[in-house]
$ cat start27.pdb   # PDB, C-alpha atoms
MODEL        1
ATOM      1  CA  MET A   1     -21.824  62.979 -26.206
ATOM      2  CA  LYS A   2     -21.621  66.523 -24.902
ATOM      3  CA  LEU A   3     -21.077  67.229 -21.219
ATOM      4  CA  ASN A   4     -23.065  69.894 -19.463
ATOM      5  CA  ARG A   5     -21.297  72.283 -17.113
ATOM      6  CA  LYS A   6     -22.112  70.267 -13.988
ATOM      7  CA  GLN A   7     -20.850  67.007 -15.518
ATOM      8  CA  PHE A   8     -17.677  68.707 -16.744
ATOM      9  CA  ILE A   9     -16.897  70.126 -13.296
ATOM     10  CA  LEU A  10     -17.591  66.737 -11.650
ATOM     11  CA  LYS A  11     -15.256  64.925 -14.029
ATOM     12  CA  LEU A  12     -12.604  67.594 -13.541
ATOM     13  CA  VAL A  13     -12.825  67.284  -9.753
ATOM     14  CA  LEU A  14     -12.758  63.465  -9.831
ATOM     15  CA  GLY A  15      -9.867  63.502 -12.283
ATOM     16  CA  SER A  16      -7.923  65.910 -10.086
ATOM     17  CA  ILE A  17      -8.530  63.770  -7.001
ATOM     18  CA  GLY A  18      -7.447  60.694  -8.920
ATOM     19  CA  PHE A  19      -4.235  62.402 -10.025
ATOM     20  CA  VAL A  20      -3.439  63.559  -6.490
ATOM     21  CA  VAL A  21      -3.971  60.044  -5.113
ATOM     22  CA  LEU A  22      -1.854  58.469  -7.877
ATOM     23  CA  ASP A  23       0.886  61.057  -7.428
ATOM     24  CA  SER A  24       0.925  60.876  -3.615
ATOM     25  CA  PHE A  25       0.736  57.118  -3.106
ATOM     26  CA  TRP A  26       2.763  55.976  -6.113
ATOM     27  CA  LEU A  27       4.648  58.444  -8.296
ATOM     28  CA  GLU A  28       6.400  60.571  -5.658
ATOM     29  CA  THR A  29       7.266  57.618  -3.421
ATOM     30  CA  ASN A  30       8.373  55.122  -6.081
ATOM     31  CA  PHE A  31      10.094  57.211  -8.747
ATOM     32  CA  ILE A  32      13.270  58.694  -7.313
ATOM     33  CA  GLU A  33      14.422  62.163  -8.257
ATOM     34  CA  TRP A  34      18.173  61.927  -8.804
ATOM     35  CA  THR A  35      19.796  65.331  -8.297
ATOM     36  CA  GLU A  36      23.412  66.117  -9.207
ATOM     37  CA  HIS A  37      25.665  68.743  -7.633
ATOM     38  CA  ASP A  38      29.234  69.639  -8.556
ATOM     39  CA  ILE A  39      31.022  71.365  -5.678
ATOM     40  CA  SER A  40      34.523  70.390  -6.755
ATOM     41  CA  GLU A  41      37.269  72.973  -6.827
ATOM     42  CA  SER A  42      38.981  71.511  -9.880
ATOM     43  CA  GLU A  43      38.036  69.791 -13.106
ATOM     44  CA  SER A  44      40.092  66.668 -12.444
ATOM     45  CA  ASN A  45      40.309  63.896  -9.856
ATOM     46  CA  LYS A  46      36.794  64.512  -8.546
ATOM     47  CA  ILE A  47      35.341  62.257  -5.863
ATOM     48  CA  LYS A  48      31.879  60.986  -6.741
ATOM     49  CA  ALA A  49      29.566  60.475  -3.752
ATOM     50  CA  ILE A  50      25.955  59.366  -3.488
ATOM     51  CA  HIS A  51      23.815  60.581  -0.603
ATOM     52  CA  LEU A  52      20.954  58.467   0.754
ATOM     53  CA  THR A  53      18.865  59.389   3.764
ATOM     54  CA  ASP A  54      15.646  58.437   5.552
ATOM     55  CA  LEU A  55      15.270  55.041   3.911
ATOM     56  CA  HIS A  56      12.791  53.921   6.607
ATOM     57  CA  LEU A  57      13.180  50.334   5.422
ATOM     58  CA  HIS A  58      10.391  47.859   6.204
ATOM     59  CA  SER A  59      10.671  45.619   3.142
ATOM     60  CA  ILE A  60      12.558  45.620  -0.126
ATOM     61  CA  LYS A  61      10.408  47.102  -2.882
ATOM     62  CA  SER A  62      11.027  47.863  -6.539
ATOM     63  CA  VAL A  63      12.079  51.398  -5.620
ATOM     64  CA  HIS A  64      14.920  50.070  -3.466
ATOM     65  CA  LYS A  65      16.054  47.729  -6.216
ATOM     66  CA  SER A  66      16.057  50.631  -8.666
ATOM     67  CA  ILE A  67      18.186  52.705  -6.275
ATOM     68  CA  ALA A  68      20.704  49.879  -5.931
ATOM     69  CA  GLU A  69      20.802  49.404  -9.701
ATOM     70  CA  ARG A  70      21.456  53.112 -10.241
ATOM     71  CA  ILE A  71      24.207  53.107  -7.610
ATOM     72  CA  ASN A  72      25.917  50.116  -9.212
ATOM     73  CA  LYS A  73      25.679  51.827 -12.595
ATOM     74  CA  GLU A  74      27.072  55.131 -11.283
ATOM     75  CA  ARG A  75      30.014  53.438  -9.527
ATOM     76  CA  PRO A  76      30.491  56.168  -6.876
ATOM     77  CA  ASP A  77      33.637  56.395  -4.786
ATOM     78  CA  VAL A  78      31.548  56.440  -1.595
ATOM     79  CA  ILE A  79      27.956  56.347  -0.335
ATOM     80  CA  PHE A  80      26.880  58.606   2.535
ATOM     81  CA  ILE A  81      23.864  57.394   4.540
ATOM     82  CA  THR A  82      22.554  60.035   6.935
ATOM     83  CA  GLY A  83      20.243  58.182   9.297
ATOM     84  CA  ASP A  84      16.719  56.826   9.714
ATOM     85  CA  SER A  85      17.613  53.749   7.698
ATOM     86  CA  VAL A  86      15.611  51.482  10.027
ATOM     87  CA  GLU A  87      13.139  52.073  12.844
ATOM     88  CA  ARG A  88      13.232  48.778  14.765
ATOM     89  CA  ASN A  89      15.568  45.838  15.325
ATOM     90  CA  LYS A  90      13.200  43.681  13.278
ATOM     91  CA  ASN A  91      14.035  45.862  10.249
ATOM     92  CA  LEU A  92      17.788  45.217  10.455
ATOM     93  CA  PRO A  93      17.639  42.193   8.092
ATOM     94  CA  VAL A  94      15.926  44.438   5.523
ATOM     95  CA  LEU A  95      18.824  46.895   5.706
ATOM     96  CA  GLU A  96      21.236  44.015   5.225
ATOM     97  CA  GLU A  97      19.231  42.838   2.221
ATOM     98  CA  PHE A  98      19.280  46.336   0.720
ATOM     99  CA  LEU A  99      23.029  46.721   1.207
ATOM    100  CA  SER A 100      23.582  43.299  -0.360
ATOM    101  CA  LEU A 101      22.066  44.676  -3.585
ATOM    102  CA  ILE A 102      24.873  47.243  -3.788
ATOM    103  CA  ASP A 103      28.357  46.363  -5.006
ATOM    104  CA  ILE A 104      30.368  45.574  -1.890
ATOM    105  CA  LYS A 105      33.424  47.318  -3.308
ATOM    106  CA  ILE A 106      31.696  50.692  -2.850
ATOM    107  CA  PRO A 107      32.489  52.124   0.633
ATOM    108  CA  LYS A 108      29.555  53.235   2.768
ATOM    109  CA  ILE A 109      29.724  55.782   5.597
ATOM    110  CA  ALA A 110      26.628  56.010   7.794
ATOM    111  CA  ILE A 111      25.285  57.864  10.816
ATOM    112  CA  LEU A 112      22.260  57.534  13.091
ATOM    113  CA  GLY A 113      18.903  59.250  12.763
ATOM    114  CA  ASN A 114      16.221  59.804  15.370
ATOM    115  CA  LYS A 115      14.395  56.594  14.370
ATOM    116  CA  GLU A 116      17.326  54.311  15.180
ATOM    117  CA  SER A 117      17.527  56.011  18.578
ATOM    118  CA  SER A 118      13.822  56.104  19.435
ATOM    119  CA  GLY A 119      13.403  52.530  18.199
ATOM    120  CA  ARG A 120      16.265  51.348  20.438
ATOM    121  CA  VAL A 121      18.029  49.731  17.494
ATOM    122  CA  ASP A 122      20.934  47.544  18.610
ATOM    123  CA  LEU A 123      23.923  49.671  17.602
ATOM    124  CA  GLN A 124      26.367  46.788  17.638
ATOM    125  CA  LYS A 125      24.192  44.807  15.238
ATOM    126  CA  LEU A 126      23.773  47.892  13.077
ATOM    127  CA  GLN A 127      27.532  48.439  13.022
ATOM    128  CA  ASP A 128      28.099  44.774  12.176
ATOM    129  CA  ILE A 129      25.748  45.033   9.194
ATOM    130  CA  TYR A 130      27.634  48.030   7.839
ATOM    131  CA  ASP A 131      30.953  46.266   8.519
ATOM    132  CA  ASN A 132      29.767  43.247   6.533
ATOM    133  CA  HIS A 133      29.043  45.460   3.527
ATOM    134  CA  ASN A 134      32.195  47.589   3.428
ATOM    135  CA  GLY A 135      30.665  50.249   5.619
ATOM    136  CA  ILE A 136      31.277  52.152   8.812
ATOM    137  CA  LEU A 137      28.919  53.735  11.363
ATOM    138  CA  LEU A 138      30.118  57.039  12.825
ATOM    139  CA  ILE A 139      28.719  58.449  16.082
ATOM    140  CA  ASN A 140      30.444  61.750  16.923
ATOM    141  CA  GLU A 141      33.552  60.547  15.146
ATOM    142  CA  ALA A 142      35.907  61.686  12.426
ATOM    143  CA  TYR A 143      36.986  59.368   9.640
ATOM    144  CA  LEU A 144      39.804  60.012   7.182
ATOM    145  CA  PHE A 145      38.454  58.923   3.814
ATOM    146  CA  LYS A 146      41.105  58.136   1.219
ATOM    147  CA  THR A 147      40.515  57.667  -2.485
ATOM    148  CA  LYS A 148      42.055  58.806  -5.791
ATOM    149  CA  ASN A 149      45.203  59.953  -3.965
ATOM    150  CA  ARG A 150      43.059  62.352  -1.945
ATOM    151  CA  GLU A 151      42.145  62.585   1.737
ATOM    152  CA  ILE A 152      38.953  64.104   3.155
ATOM    153  CA  ASN A 153      37.701  64.442   6.725
ATOM    154  CA  ILE A 154      34.283  62.839   7.166
ATOM    155  CA  ILE A 155      32.556  63.878  10.405
ATOM    156  CA  GLY A 156      29.654  61.656  11.458
ATOM    157  CA  LEU A 157      27.417  63.140  14.140
ATOM    158  CA  ASP A 158      24.937  61.613  16.559
ATOM    159  CA  ASP A 159      21.240  62.409  16.128
ATOM    160  CA  LEU A 160      19.952  65.614  17.714
ATOM    161  CA  VAL A 161      16.420  64.549  18.697
ATOM    162  CA  HIS A 162      17.236  61.517  20.855
ATOM    163  CA  GLY A 163      21.031  61.603  20.876
ATOM    164  CA  ASN A 164      23.808  64.035  21.698
ATOM    165  CA  PRO A 165      25.641  65.389  18.656
ATOM    166  CA  ASP A 166      29.041  66.859  19.476
ATOM    167  CA  PHE A 167      30.748  68.544  16.565
ATOM    168  CA  ARG A 168      33.454  70.023  18.782
ATOM    169  CA  LYS A 169      34.507  66.620  20.117
ATOM    170  CA  SER A 170      34.283  65.039  16.674
ATOM    171  CA  THR A 171      36.745  67.512  15.160
ATOM    172  CA  GLU A 172      39.335  67.630  17.954
ATOM    173  CA  ASP A 173      42.010  65.688  16.093
ATOM    174  CA  ILE A 174      41.279  66.356  12.440
ATOM    175  CA  ASP A 175      43.744  67.843   9.973
ATOM    176  CA  LYS A 176      42.155  71.240   9.304
ATOM    177  CA  SER A 177      44.094  71.644   6.074
ATOM    178  CA  LEU A 178      41.943  68.921   4.476
ATOM    179  CA  LEU A 179      38.442  69.297   3.080
ATOM    180  CA  THR A 180      35.746  68.448   5.644
ATOM    181  CA  ILE A 181      32.334  66.905   5.006
ATOM    182  CA  VAL A 182      29.805  66.633   7.824
ATOM    183  CA  LEU A 183      27.066  63.988   8.012
ATOM    184  CA  ASN A 184      24.331  65.390  10.237
ATOM    185  CA  HIS A 185      20.787  63.982  10.351
ATOM    186  CA  CYS A 186      18.862  66.962  11.766
ATOM    187  CA  PRO A 187      19.530  70.135   9.766
ATOM    188  CA  VAL A 188      18.931  72.578  12.620
ATOM    189  CA  TYR A 189      22.182  71.388  14.274
ATOM    190  CA  ARG A 190      23.945  73.125  11.388
ATOM    191  CA  GLU A 191      23.854  76.292  13.489
ATOM    192  CA  GLN A 192      26.043  74.672  16.158
ATOM    193  CA  ILE A 193      28.333  73.281  13.462
ATOM    194  CA  ASP A 194      28.784  76.792  12.090
ATOM    195  CA  LEU A 195      29.461  78.225  15.552
ATOM    196  CA  VAL A 196      32.198  75.685  16.319
ATOM    197  CA  SER A 197      33.575  75.871  12.778
ATOM    198  CA  LYS A 198      34.074  79.607  13.141
ATOM    199  CA  GLU A 199      35.795  79.198  16.522
ATOM    200  CA  GLN A 200      38.037  76.375  15.333
ATOM    201  CA  GLU A 201      38.673  77.794  11.854
ATOM    202  CA  ILE A 202      37.066  74.843  10.110
ATOM    203  CA  LYS A 203      35.194  75.488   6.893
ATOM    204  CA  PRO A 204      33.050  72.464   5.965
ATOM    205  CA  ILE A 205      32.826  72.149   2.208
ATOM    206  CA  LEU A 206      29.548  70.252   2.636
ATOM    207  CA  ILE A 207      27.037  69.362   5.350
ATOM    208  CA  LEU A 208      24.628  66.590   4.358
ATOM    209  CA  ALA A 209      21.313  66.316   6.211
ATOM    210  CA  GLY A 210      17.901  64.708   5.911
ATOM    211  CA  HIS A 211      15.122  64.275   8.505
ATOM    212  CA  THR A 212      12.619  66.713   6.959
ATOM    213  CA  HIS A 213      11.447  64.524   4.030
ATOM    214  CA  GLY A 214      11.166  67.853   2.195
ATOM    215  CA  GLY A 215       8.004  68.362   4.224
ATOM    216  CA  GLN A 216       6.606  65.072   2.805
ATOM    217  CA  ILE A 217       3.227  66.734   2.133
ATOM    218  CA  THR A 218       3.415  70.273   0.780
ATOM    219  CA  PHE A 219       1.287  72.733  -1.123
ATOM    220  CA  PHE A 220       2.932  75.343  -3.344
ATOM    221  CA  GLY A 221       6.250  74.372  -1.780
ATOM    222  CA  LYS A 222       5.065  74.996   1.779
ATOM    223  CA  PRO A 223       5.051  72.013   4.167
ATOM    224  CA  PHE A 224       2.180  71.396   6.557
ATOM    225  CA  PHE A 225       4.638  70.063   9.105
ATOM    226  CA  THR A 226       8.335  69.437   9.620
ATOM    227  CA  PRO A 227       9.618  67.369  12.551
ATOM    228  CA  PHE A 228      11.468  68.735  15.553
ATOM    229  CA  GLY A 229      15.096  69.115  14.571
ATOM    230  CA  SER A 230      14.286  70.664  11.208
ATOM    231  CA  GLY A 231      14.300  74.316  12.241
ATOM    232  CA  ASP A 232      13.627  76.548   9.252
ATOM    233  CA  TYR A 233      15.209  74.047   6.869
ATOM    234  CA  VAL A 234      13.071  72.005   4.471
ATOM    235  CA  LYS A 235      14.981  70.924   1.368
ATOM    236  CA  GLY A 236      17.808  71.879  -0.941
ATOM    237  CA  TRP A 237      20.795  74.174  -0.464
ATOM    238  CA  TYR A 238      21.410  76.476   2.498
ATOM    239  CA  ASN A 239      24.706  78.333   2.128
ATOM    240  CA  ASN A 240      26.441  80.996   4.170
ATOM    241  CA  GLU A 241      29.984  82.302   4.594
ATOM    242  CA  ILE A 242      30.931  79.363   6.846
ATOM    243  CA  SER A 243      29.362  76.261   5.323
ATOM    244  CA  LYS A 244      27.222  74.795   2.574
ATOM    245  CA  MET A 245      24.407  72.455   3.624
ATOM    246  CA  TYR A 246      22.226  70.269   1.452
ATOM    247  CA  VAL A 247      18.990  68.917   2.948
ATOM    248  CA  SER A 248      17.712  65.887   1.033
ATOM    249  CA  LYS A 249      14.042  64.970   0.794
ATOM    250  CA  GLY A 250      15.105  61.367   1.419
ATOM    251  CA  ILE A 251      13.711  58.064   0.229
ATOM    252  CA  GLY A 252      11.094  56.758   2.658
ATOM    253  CA  THR A 253       8.075  58.109   4.482
ATOM    254  CA  THR A 254       6.888  58.230   8.069
ATOM    255  CA  ARG A 255       3.436  58.413   9.704
ATOM    256  CA  LEU A 256       1.643  58.380   6.326
ATOM    257  CA  PRO A 257       2.982  56.380   3.350
ATOM    258  CA  ILE A 258       2.521  59.280   0.961
ATOM    259  CA  ARG A 259       4.374  62.238  -0.506
ATOM    260  CA  PHE A 260       2.962  65.295  -2.223
ATOM    261  CA  GLY A 261       5.129  68.072  -3.606
ATOM    262  CA  ALA A 262       8.149  66.372  -2.026
ATOM    263  CA  ARG A 263       9.262  63.615  -4.383
ATOM    264  CA  ALA A 264      11.678  61.014  -2.983
ATOM    265  CA  GLU A 265      15.279  61.951  -3.662
ATOM    266  CA  ALA A 266      18.795  60.583  -3.910
ATOM    267  CA  SER A 267      21.734  62.841  -4.745
ATOM    268  CA  ILE A 268      25.063  62.597  -6.531
ATOM    269  CA  PHE A 269      27.843  64.968  -5.466
ATOM    270  CA  TYR A 270      31.124  65.655  -7.221
ATOM    271  CA  ILE A 271      33.664  66.796  -4.658
TER     272      ILE A 271
ENDMDL
END

$ encode --input "start27.pdb" --output "structure tokens"
Amino acid sequence: MKLNRKQFILKLVLGSIGFVVLDSFWLETNFIEWTEHDISESESNKIKAIHLTDLHLHSIKSVHKSIAERINKERPDVIFITGDSVERNKNLPVLEEFLSLIDIKIPKIAILGNKESSGRVDLQKLQDIYDNHNGILLINEAYLFKTKNREINIIGLDDLVHGNPDFRKSTEDIDKSLLTIVLNHCPVYREQIDLVSKEQEIKPILILAGHTHGGQITFFGKPFFTPFGSGDYVKGWYNNEISKMYVSKGIGTTRLPIRFGARAEASIFYI
């Protein structure tokens, strides 16, 4: 049966709409893009880290199980979780359930996002959950991470939108001869990190951020909207002479449960 021009155009339009709906509501939210980045300075004794951000956990779905399975398969030396894991106290058991899917022997280092702050999440309960699963919650604190006969400074900052990040305070007592990694939810605070780093002669090897969701809904790579705290940062690498920052598109969604042109992401770093 031949289609006339009008029928062809109608089917093309309906097919395109169907693809966009399928992609937005299912593919980009449920099939994680795993990116890999090697920033190590040598070919041996590399530290393998996995970065998760913006989980926005409400219930455990197949996508979360697949993330946990991949993590357990990869066997990283550490997991960095850069905020917006939960939005309300009622979601804390879901975070605990998610962490229970991951091998407890893998250390986890986490910070706050704006959702934990705006949702008035009980920080002691949140810390206890991380403690129970071989994790630690850092709020404007430095942590000396030791593995493979190496030591690295991990700086965990408070959220910018509803908190009070203080990179200067967090780095007061660190050993500046060691590599430094900064966990920082809102990417725009990178500018303050760079300012203090220059003053204090600190050169972060990596700043990990989230918050933007990669724009969540974009067209031709351009987001309709990025939340306050994003600045001009959307996704991927932003490097200058002081620091290297990677902004992840994150796992979950907010406001609308869809993604378009901003597929959910988890990252593996070799340090």

$ closest_residue --input "start27.pdb" --among "A:Ile79, A:Leu183, A:Leu157, A:Ile129" --to "Ile106 of chain A" --atoms "only C-alpha atoms"
A:Ile79

$ resolve_selection --input "start27.pdb" --expression "the PyMOL selection byres ((chain A and resi 142-146) around 12)" --output "number ranges by chain"
A: 47, 49, 77-80, 107-111, 135-141, 147-158, 166-176, 178-183

$ atom_distance --input "start27.pdb" --atom1 "atom CA of Phe219 of chain A" --atom2 "atom CA of Phe260 of chain A"
7.7 Å

$ residues_around --input "start27.pdb" --residues "His56 of chain A" --least-positions-apart "5" --cutoff "7 Å" --atoms "only C-alpha atoms" --output "number ranges by chain"
A: 84-87, 252-253

$ residues_around --input "start27.pdb" --residues "Lys73 of chain A" --least-positions-apart "3" --cutoff "12 Å" --atoms "only C-alpha atoms" --output "list in words"
Ile50, Ser66, Ile67, Ala68, Glu69, Arg70, Pro76, Ile102, Asp103 and Ile106 of chain A

$ resolve_selection --input "start27.pdb" --expression "the PyMOL selection byres ((chain A and resi 232-241) around 8)" --output "list of chain:residue names"
A:Pro187, A:Val188, A:Thr212, A:His213, A:Gly214, A:Gly215, A:Thr226, A:Ser230, A:Gly231, A:Ile242, A:Ser243, A:Lys244, A:Met245, A:Tyr246, A:Val247, A:Ser248, A:Lys249
